[in-house]
file start28.cif (mmCIF, C-alpha atoms)
data_target
#
loop_
_atom_site.label_atom_id
_atom_site.label_comp_id
_atom_site.auth_asym_id
_atom_site.auth_seq_id
_atom_site.Cartn_x
_atom_site.Cartn_y
_atom_site.Cartn_z
CA MET A 141 -46.64 -46.21 -61.23
CA SER A 142 -45.31 -47.13 -57.79
CA GLY A 143 -41.81 -47.04 -59.24
CA LEU A 144 -42.32 -43.47 -60.43
CA ILE A 145 -43.59 -42.44 -57.00
CA LYS A 146 -40.52 -43.96 -55.36
CA VAL A 147 -38.23 -42.03 -57.73
CA LEU A 148 -40.12 -38.80 -57.09
CA LEU A 149 -39.97 -39.35 -53.31
CA ILE A 150 -36.20 -39.97 -53.43
CA ALA A 151 -35.74 -36.88 -55.61
CA LEU A 152 -37.81 -34.83 -53.13
CA ILE A 153 -35.75 -36.08 -50.15
CA ILE A 154 -32.48 -35.27 -51.97
CA ALA A 155 -33.81 -31.81 -52.82
CA VAL A 156 -34.79 -31.10 -49.20
CA ILE A 157 -31.43 -32.33 -47.85
CA GLY A 158 -29.63 -30.27 -50.46
CA ALA A 159 -31.62 -27.13 -49.62
CA VAL A 160 -31.01 -27.50 -45.89
CA GLY A 161 -27.32 -28.20 -46.46
CA TYR A 162 -26.88 -25.16 -48.68
CA SER A 163 -28.70 -22.99 -46.19
CA VAL A 164 -26.40 -24.05 -43.33
CA TYR A 165 -23.30 -23.63 -45.51
CA ASN A 166 -24.37 -20.19 -46.60
CA LYS A 167 -25.02 -19.10 -43.04
CA ASN A 168 -21.58 -20.26 -41.84
CA LEU A 169 -19.96 -18.53 -44.75
CA SER A 170 -21.61 -15.22 -43.99
CA ASN A 171 -20.59 -15.50 -40.31
CA SER A 172 -16.95 -16.14 -41.17
CA GLN A 173 -16.75 -13.19 -43.52
CA THR A 174 -16.07 -10.69 -40.75
CA VAL A 175 -14.15 -7.71 -42.02
CA GLN A 176 -10.76 -7.45 -40.34
CA TYR A 177 -9.81 -3.82 -39.90
CA ALA A 178 -6.19 -2.89 -39.73
CA PRO A 179 -5.20 -1.26 -36.40
CA VAL A 180 -5.36 2.49 -36.48
CA TYR A 181 -2.59 4.45 -34.78
CA SER A 182 -3.33 7.95 -33.69
CA PRO A 183 -0.55 10.52 -34.05
CA SER A 184 -0.54 11.09 -30.29
CA ALA A 185 -0.05 7.38 -29.60
CA MET A 186 2.84 7.27 -32.04
CA THR A 187 4.45 10.28 -30.34
CA GLN A 188 4.10 8.57 -26.97
CA THR A 189 5.85 5.48 -28.30
CA SER A 190 8.72 7.37 -29.82
CA THR A 191 9.32 9.25 -26.57
CA ASN A 192 10.41 6.02 -24.90
CA SER A 193 12.36 4.65 -27.81
CA LEU A 194 16.01 5.06 -28.59
CA THR A 195 15.15 7.24 -31.58
CA ASN A 196 14.48 10.07 -29.15
CA ASN A 197 17.89 10.11 -27.55
CA SER A 198 18.46 13.83 -27.52
CA ASP A 199 20.10 15.79 -24.71
CA ALA A 200 16.77 17.44 -23.99
CA GLN A 201 15.06 14.08 -23.68
CA LEU A 202 17.78 12.77 -21.36
CA ASP A 203 17.36 15.86 -19.19
CA GLN A 204 13.62 15.20 -19.11
CA ASP A 205 14.26 11.56 -18.18
CA MET A 206 16.51 12.69 -15.33
CA LYS A 207 13.74 14.95 -14.02
CA SER A 208 11.29 12.03 -14.16
CA ILE A 209 13.79 9.85 -12.29
CA ASP A 210 14.12 12.53 -9.60
CA THR A 211 10.33 12.68 -9.22
CA LYS A 212 10.12 8.92 -8.88
CA LEU A 213 13.01 8.83 -6.40
CA ASN A 214 11.16 11.43 -4.31
CA GLY A 215 8.22 9.05 -4.25
CA VAL A 216 10.50 6.27 -3.01
CA ASP A 217 11.83 8.61 -0.30
CA GLN A 218 8.29 9.39 0.85
CA GLU A 219 7.37 5.73 1.13
CA GLN A 220 10.61 5.00 2.96
CA THR A 221 9.77 7.76 5.46
CA GLN A 222 6.35 6.19 6.03
CA VAL A 223 7.99 2.82 6.65
CA ASN A 224 10.44 4.35 9.13
CA ASP A 225 7.66 6.23 10.95
CA GLY A 226 5.60 3.08 11.21
CA LEU A 227 8.43 1.03 12.60
CA ASN A 228 9.96 3.70 14.78
CA GLN A 229 9.40 2.62 18.36
CA ALA A 230 10.23 6.12 19.54
CA THR A 231 7.03 7.55 18.09
CA PRO A 232 4.64 7.29 21.05
CA SER A 233 1.88 9.22 19.33
CA LEU A 234 1.43 6.38 16.88
CA GLY A 235 1.00 3.67 19.52
CA GLN A 236 0.91 0.15 18.12
CA MET B 216 -39.61 25.93 80.16
CA TYR B 217 -38.05 27.45 77.04
CA LYS B 218 -34.60 26.51 78.28
CA LYS B 219 -35.62 22.88 78.71
CA LEU B 220 -37.23 22.85 75.29
CA THR B 221 -34.18 24.40 73.64
CA THR B 222 -31.89 21.90 75.33
CA SER B 223 -34.09 19.03 74.23
CA ILE B 224 -34.06 20.24 70.65
CA LEU B 225 -30.28 20.60 70.68
CA VAL B 226 -29.82 17.13 72.19
CA PHE B 227 -32.24 15.65 69.70
CA SER B 228 -30.57 17.40 66.78
CA THR B 229 -27.16 16.25 67.90
CA LEU B 230 -28.36 12.69 68.21
CA VAL B 231 -29.99 12.84 64.81
CA VAL B 232 -26.90 14.31 63.12
CA PHE B 233 -24.36 11.98 64.72
CA GLY B 234 -26.67 9.02 64.64
CA ALA B 235 -27.36 9.43 60.96
CA SER B 236 -23.75 10.01 59.92
CA PRO B 237 -22.71 6.35 59.79
CA VAL B 238 -25.80 5.56 57.76
CA LEU B 239 -25.04 8.41 55.38
CA ALA B 240 -21.43 7.35 55.14
CA GLN B 241 -22.41 3.78 54.42
CA SER B 242 -24.71 4.80 51.59
CA ALA B 243 -22.36 7.47 50.13
CA THR B 244 -19.32 5.21 49.79
CA PRO B 245 -20.81 2.78 47.22
CA ASN B 246 -22.29 5.67 45.26
CA ALA B 247 -18.95 7.44 45.14
CA HIS B 248 -17.20 4.25 44.12
CA GLN B 249 -19.78 3.57 41.44
CA ALA B 250 -19.50 7.10 40.11
CA LYS B 251 -15.72 6.78 40.00
CA THR B 252 -15.97 3.49 38.10
CA GLN B 253 -18.43 4.95 35.65
CA ALA B 254 -16.16 7.93 35.07
CA ARG B 255 -13.24 5.58 34.51
CA GLU B 256 -15.29 3.53 32.04
CA ALA B 257 -16.35 6.65 30.17
CA THR B 258 -12.74 7.82 29.93
CA LEU B 259 -11.60 4.44 28.62
CA GLN B 260 -14.46 4.29 26.11
CA THR B 261 -13.72 7.80 24.82
CA LYS B 262 -10.01 7.05 24.43
CA ALA B 263 -10.77 3.73 22.75
CA ALA B 264 -13.11 5.42 20.28
CA THR B 265 -10.41 7.97 19.40
CA ASP B 266 -7.71 5.30 19.04
CA ILE B 267 -9.88 3.05 16.90
CA THR B 268 -10.99 5.91 14.64
CA ALA B 269 -7.34 6.84 14.07
CA ARG B 270 -6.52 3.25 13.17
CA VAL B 271 -9.49 2.85 10.85
CA ASP B 272 -8.48 6.09 9.09
CA ALA B 273 -4.92 4.79 8.72
CA LEU B 274 -6.18 1.47 7.37
CA ASN B 275 -8.46 3.20 4.86
CA LYS B 276 -5.46 5.20 3.65
CA ALA B 277 -3.53 1.93 3.41
CA VAL B 278 -6.22 0.54 1.09
CA GLY B 279 -5.75 3.64 -1.07
CA VAL B 280 -1.99 3.06 -1.14
CA LEU B 281 -2.46 -0.60 -2.05
CA ASN B 282 -4.71 0.35 -4.95
CA THR B 283 -1.96 2.56 -6.42
CA ILE B 284 0.55 -0.28 -6.51
CA LYS B 285 1.19 -1.24 -10.14
CA LYS B 286 3.77 -4.00 -10.20
CA ILE B 287 1.95 -6.61 -8.15
CA SER B 288 -0.34 -9.40 -9.29
CA ASP B 289 -4.09 -8.77 -9.13
CA THR B 290 -4.43 -11.81 -6.88
CA ASP B 291 -1.90 -10.49 -4.37
CA LYS B 292 -3.42 -7.02 -4.49
CA SER B 293 -6.94 -8.33 -3.90
CA ALA B 294 -5.72 -10.51 -1.01
CA LEU B 295 -3.95 -7.58 0.64
CA VAL B 296 -6.90 -5.22 0.23
CA ALA B 297 -9.21 -7.90 1.67
CA GLN B 298 -6.86 -8.40 4.62
CA VAL B 299 -6.83 -4.68 5.45
CA GLN B 300 -10.59 -4.35 4.97
CA SER B 301 -11.11 -7.32 7.29
CA GLU B 302 -8.98 -5.52 9.87
CA ILE B 303 -11.13 -2.40 9.47
CA GLN B 304 -14.27 -4.46 10.15
CA THR B 305 -12.63 -6.07 13.18
CA MET B 306 -11.71 -2.64 14.52
CA GLN B 307 -15.26 -1.35 14.01
CA ALA B 308 -16.72 -4.42 15.77
CA LEU B 309 -14.29 -3.88 18.64
CA ALA B 310 -15.39 -0.23 18.88
CA THR B 311 -19.02 -1.31 19.19
CA LYS B 312 -18.16 -3.90 21.83
CA ILE B 313 -16.14 -1.43 23.87
CA GLN B 314 -18.95 1.13 23.87
CA GLY B 315 -21.29 -1.60 25.18
CA ASP B 316 -18.91 -3.00 27.83
CA THR B 317 -20.35 -2.66 31.35
CA ASP B 318 -17.74 -4.68 33.22
CA ILE B 319 -14.61 -2.63 33.90
CA ALA B 320 -12.28 -5.65 33.69
CA THR B 321 -13.67 -6.68 30.27
CA LEU B 322 -13.49 -3.08 29.11
CA LYS B 323 -9.83 -2.81 30.12
CA THR B 324 -8.99 -6.05 28.28
CA ASP B 325 -10.80 -4.89 25.15
CA VAL B 326 -9.09 -1.50 25.21
CA GLN B 327 -5.70 -3.13 25.61
CA SER B 328 -6.43 -5.39 22.64
CA ILE B 329 -6.50 -2.32 20.36
CA THR B 330 -2.75 -2.12 20.63
CA LYS B 331 -1.71 -5.57 21.84
CA ALA B 332 -3.65 -7.80 19.47
CA TYR B 333 -4.28 -5.97 16.23
CA ARG B 334 -1.00 -4.17 15.55
CA VAL B 335 -2.34 -1.71 13.02
CA TYR B 336 0.66 0.60 13.36
CA ARG B 337 3.22 -2.08 14.10
CA LEU B 338 2.32 -4.38 11.20
CA PHE B 339 -0.26 -3.27 8.67
CA ILE B 340 0.90 0.27 7.96
CA PRO B 341 4.64 -0.53 7.65
CA LYS B 342 3.81 -3.62 5.57
CA VAL B 343 1.70 -1.65 3.10
CA HIS B 344 4.31 1.11 2.80
CA ILE B 345 7.11 -1.44 2.28
CA LEU B 346 5.08 -2.95 -0.58
CA ALA B 347 4.39 0.53 -1.97
CA ALA B 348 8.07 1.48 -1.69
CA SER B 349 9.08 -1.73 -3.46
CA ASP B 350 6.58 -0.93 -6.21
CA ARG B 351 7.88 2.62 -6.65
CA ILE B 352 11.44 1.31 -6.80
CA ASN B 353 10.48 -1.11 -9.57
CA ASP B 354 8.69 1.69 -11.42
CA THR B 355 11.81 3.87 -11.17
CA ILE B 356 13.99 0.98 -12.33
CA ALA B 357 11.94 0.62 -15.52
CA LEU B 358 12.68 4.23 -16.47
CA MET B 359 16.33 3.99 -15.43
CA GLN B 360 16.86 0.90 -17.56
CA ASP B 361 15.48 2.85 -20.51
CA VAL B 362 18.04 5.57 -19.81
CA VAL B 363 20.81 2.94 -19.57
CA SER B 364 19.91 1.84 -23.11
CA LYS B 365 20.04 5.41 -24.36
CA LEU B 366 23.37 6.12 -22.72
CA GLN B 367 24.78 2.83 -23.97
CA ALA B 368 23.85 3.83 -27.52
CA ARG B 369 25.57 7.19 -27.06
CA ILE B 370 28.71 5.63 -25.61
CA THR B 371 28.90 2.99 -28.33
CA SER B 372 28.44 5.51 -31.12
CA GLY B 373 30.97 7.89 -29.56
CA GLY B 374 33.86 5.47 -30.04
CA ALA B 375 37.12 6.29 -28.32
CA THR B 376 35.94 9.65 -27.03
CA THR B 377 33.28 8.08 -24.84
CA SER B 378 34.72 4.65 -24.06
CA SER B 379 35.89 5.80 -20.64
CA LEU B 380 32.25 6.30 -19.65
CA GLN B 381 31.48 2.61 -20.07
CA THR B 382 32.77 1.77 -16.59
CA THR B 383 30.48 4.37 -15.06
CA LEU B 384 27.50 3.04 -17.00
CA ASP B 385 28.35 -0.54 -15.95
CA ASP B 386 28.41 0.63 -12.34
CA ALA B 387 24.98 2.23 -12.78
CA SER B 388 23.61 -0.98 -14.32
CA ALA B 389 24.96 -3.05 -11.42
CA LYS B 390 23.41 -0.67 -8.90
CA ILE B 391 20.04 -0.85 -10.65
CA LEU B 392 20.19 -4.63 -10.72
CA ASP B 393 20.96 -4.75 -7.00
CA ALA B 394 18.10 -2.32 -6.28
CA LYS B 395 15.76 -4.67 -8.13
CA THR B 396 16.94 -7.63 -6.04
CA GLN B 397 16.56 -5.68 -2.77
CA ALA B 398 13.06 -4.48 -3.68
CA GLN B 399 12.00 -8.01 -4.55
CA ASN B 400 13.45 -9.29 -1.26
CA ALA B 401 11.50 -6.67 0.71
CA ASN B 402 8.30 -7.56 -1.12
CA SER B 403 8.72 -11.30 -0.57
CA LEU B 404 9.53 -10.85 3.11
CA VAL B 405 6.44 -8.87 4.11
CA ILE B 406 3.68 -9.94 1.73
CA GLY B 407 2.66 -12.93 3.86
CA LEU B 408 2.97 -11.36 7.34
CA GLN B 409 -0.03 -11.82 9.63
CA PRO B 410 -1.01 -10.05 12.90
CA ASP B 411 0.46 -11.63 16.03
CA ASN B 412 -2.81 -11.46 18.01
CA GLY B 413 -0.82 -11.03 21.19
CA ASP B 414 1.66 -13.85 20.55
CA GLN B 415 5.05 -12.43 21.60
CA THR B 416 7.03 -14.88 19.45
CA VAL B 417 5.12 -13.88 16.32
CA LEU B 418 5.45 -10.22 17.30
CA GLN B 419 9.24 -10.52 17.54
CA SER B 420 9.39 -12.44 14.27
CA ASN B 421 7.23 -9.87 12.47
CA THR B 422 9.30 -7.00 13.84
CA THR B 423 12.54 -8.65 12.70
CA VAL B 424 11.16 -9.28 9.22
CA LEU B 425 9.78 -5.74 8.87
CA ASN B 426 13.11 -4.24 9.93
CA SER B 427 14.95 -6.45 7.46
CA ALA B 428 12.59 -5.38 4.67
CA LYS B 429 13.01 -1.75 5.71
CA ASN B 430 16.80 -2.14 5.33
CA ASP B 431 16.33 -3.72 1.89
CA ILE B 432 14.25 -0.73 0.80
CA LYS B 433 16.89 1.63 2.15
CA THR B 434 19.67 -0.19 0.27
CA ALA B 435 17.63 -0.19 -2.94
CA ASN B 436 16.98 3.54 -2.62
CA THR B 437 20.69 4.21 -2.02
CA ASP B 438 21.55 2.08 -5.08
CA LEU B 439 19.16 4.03 -7.28
CA LYS B 440 20.53 7.37 -6.11
CA ALA B 441 24.07 6.18 -6.84
CA ALA B 442 22.98 5.04 -10.33
CA ARG B 443 21.30 8.41 -10.86
CA GLN B 444 24.61 10.11 -9.97
CA ASP B 445 26.37 7.89 -12.52
CA PHE B 446 23.83 8.97 -15.14
CA GLN B 447 24.49 12.61 -14.33
CA THR B 448 28.24 12.10 -14.68
CA ILE B 449 27.82 10.42 -18.07
CA ILE B 450 25.35 12.98 -19.42
CA GLN B 451 27.61 15.83 -18.35
CA ALA B 452 30.60 14.19 -20.02
CA LEU B 453 28.63 13.60 -23.23
CA LYS B 454 27.61 17.25 -23.33
CA THR B 455 31.20 18.37 -22.73
CA ASN B 456 32.43 16.08 -25.52
CA LYS B 457 29.93 17.66 -27.89
CA LYS B 458 31.19 21.15 -27.12
CA SER B 459 34.84 20.20 -27.66
CA PRO B 460 34.96 17.43 -30.29
CA ALA B 461 38.19 15.50 -30.80
CA PRO B 462 40.44 17.22 -33.38
CA SER B 463 40.25 15.63 -36.81
CA VAL B 464 43.42 14.19 -38.26
CA SER B 465 44.72 16.43 -41.07
CA PRO B 466 46.55 14.94 -44.04
#
call {"tool": "encode", "arguments": {"input": "start28.cif", "output": "structure tokens"}}
result
Amino acid sequence: MSGLIKVLLIALIIAVIGAVGYSVYNKNLSNSQTVQYAPVYSPSAMTQTSTNSLTNNSDAQLDQDMKSIDTKLNGVDQEQTQVNDGLNQATPSLGQ
Amino acid sequence: MYKKLTTSILVFSTLVVFGASPVLAQSATPNAHQAKTQAREATLQTKAATDITARVDALNKAVGVLNTIKKISDTDKSALVAQVQSEIQTMQALATKIQGDTDIATLKTDVQSITKAYRVYRLFIPKVHILAASDRINDTIALMQDVVSKLQARITSGGATTSSLQTTLDDASAKILDAKTQAQNANSLVIGLQPDNGDQTVLQSNTTVLNSAKNDIKTANTDLKAARQDFQTIIQALKTNKKSPAPSVSP
């Protein structure tokens, strides 16, 4: 009789361990099964990319690039003027 | 009787007037002096308030300029903004102190410190604009390098008809590279500059460095304009080549 109880107890312990183990495994599995979505590119984003690539190497695009360069160079000129004004000792209104 | 009385009154009045004059003079002189000092203090305090407000406004604009800079590390940007904001707080504290100064000598020293110690216009503003100019140059370079790639592709694909343009494009590339070096030099020179706090040696050193950085910016700007002219020459030539293609060889 005591032998049967021992066997039943061992079987019960194995069953509990097995149930807990399966539960943990199942939970980890469900967490790892995250759906990976492929990146979505909007048409506007693709247009933006192609504008800066060599594929858009038309005369019109080069002219547009030159205009953008001129705008940026104007910005450099403005900052350079600010630097000169700041350092110009002959500007008494600015003081020190 | 009346004559004697009138004479007595006149004598008494004369004595009172002339006798009191020194007393009046003695009491009027300190009052006049005090009033003059107070007026002088008020003038100094008003001028100081105006000067400090102008500097705080300029520093606030400098913070705005710093925040527009793109090609600088977040750490450097945060450090620079903190430095300028600290200067703003110092200026505001100085303004409060000056308005509360009651001793004319202390007031004069504090007012002089607006220009002699803090150097808002001599250091902070030029420094921020040199960094901003360097940033704009680097931003322009990024676009110009893109155009170099496009023009290189055109020249390469054009074969013999466009090969003569290669020298011009190489010149543009060299100019852009030099502009990049100059802008980096300017940035490195000024980014660590600190106020001289009245130290003449530091003042001279800062001024020398700022002028050197200013010249670097000027050279970089000249380089970029020369490269832009090269671009224009190449683009014009490419367009002309398109209009009059090389004659094909007939059998």
call {"tool": "closest_atom_pairs", "arguments": {"input": "start28.cif", "of": "chain B", "to": "chain A", "cutoff": "6 Å", "atoms": "all atoms listed in the file", "output": "Markdown table"}}
result
| residue | atom | partner | partner_atom | distance |
| --- | --- | --- | --- | --- |
| B:Thr330 | CA | A:Gln236 | CA | 5.0 |
| B:Arg334 | CA | A:Gln236 | CA | 5.4 |
| B:Tyr336 | CA | A:Gln236 | CA | 4.8 |
| B:Arg337 | CA | A:Gln236 | CA | 5.1 |
| B:Pro341 | CA | A:Val223 | CA | 4.8 |
| B:His344 | CA | A:Val223 | CA | 5.6 |
| B:Ala348 | CA | A:Glu219 | CA | 5.1 |
| B:Arg351 | CA | A:Val216 | CA | 5.8 |
| B:Thr355 | CA | A:Lys212 | CA | 5.8 |
| B:Lys365 | CA | A:Leu194 | CA | 5.9 |
call {"tool": "atom_distance", "arguments": {"input": "start28.cif", "atom1": "CA of Ala401 in chain B", "atom2": "CA of Thr423 in chain B"}}
result
12.2 Å
call {"tool": "residues_near_point", "arguments": {"input": "start28.cif", "point": "(0.7, -4.8, -10.6)", "cutoff": "12 Å", "atoms": "only C-alpha atoms", "output": "PyMOL selection string"}}
result
chain B and resi 281-293+346-347+349-351+353-354
call {"tool": "write_last_selection", "arguments": {"input": "start28.cif", "atoms": "C-alpha atoms", "output": "tab-separated table (two decimals), in the frame of the given file"}}
result
chain	number	residue	atom	x	y	z
B	281	LEU	CA	-2.46	-0.60	-2.05
B	282	ASN	CA	-4.71	0.35	-4.95
B	283	THR	CA	-1.96	2.56	-6.42
B	284	ILE	CA	0.55	-0.28	-6.51
B	285	LYS	CA	1.19	-1.24	-10.14
B	286	LYS	CA	3.77	-4.00	-10.20
B	287	ILE	CA	1.95	-6.61	-8.15
B	288	SER	CA	-0.34	-9.40	-9.29
B	289	ASP	CA	-4.09	-8.77	-9.13
B	290	THR	CA	-4.43	-11.81	-6.88
B	291	ASP	CA	-1.90	-10.49	-4.37
B	292	LYS	CA	-3.42	-7.02	-4.49
B	293	SER	CA	-6.94	-8.33	-3.90
B	346	LEU	CA	5.08	-2.95	-0.58
B	347	ALA	CA	4.39	0.53	-1.97
B	349	SER	CA	9.08	-1.73	-3.46
B	350	ASP	CA	6.58	-0.93	-6.21
B	351	ARG	CA	7.88	2.62	-6.65
B	353	ASN	CA	10.48	-1.11	-9.57
B	354	ASP	CA	8.69	1.69	-11.42
call {"tool": "atom_distance", "arguments": {"input": "start28.cif", "atom1": "CA of Gln415 in chain B", "atom2": "CA of Ile432 in chain B"}}
result
25.6 Å
call {"tool": "axis_aligned_box", "arguments": {"input": "start28.cif", "around": "range 358-372 of chain B", "padding_each_side": "6 Å", "output": "JSON"}}
result
{"center_x": 20.8, "center_y": 4.0, "center_z": -23.3, "size_x": 28.2, "size_y": 18.3, "size_z": 27.7}
call {"tool": "atom_distance", "arguments": {"input": "start28.cif", "atom1": "CA of Met359 in chain B", "atom2": "CA of Asn400 in chain B"}}
result
19.6 Å
call {"tool": "closest_residue", "arguments": {"input": "start28.cif", "among": "B:Leu338, B:Ala368, B:Ile303, B:Leu384", "to": "Asn426 in chain B", "atoms": "only C-alpha atoms"}}
result
B:Leu338
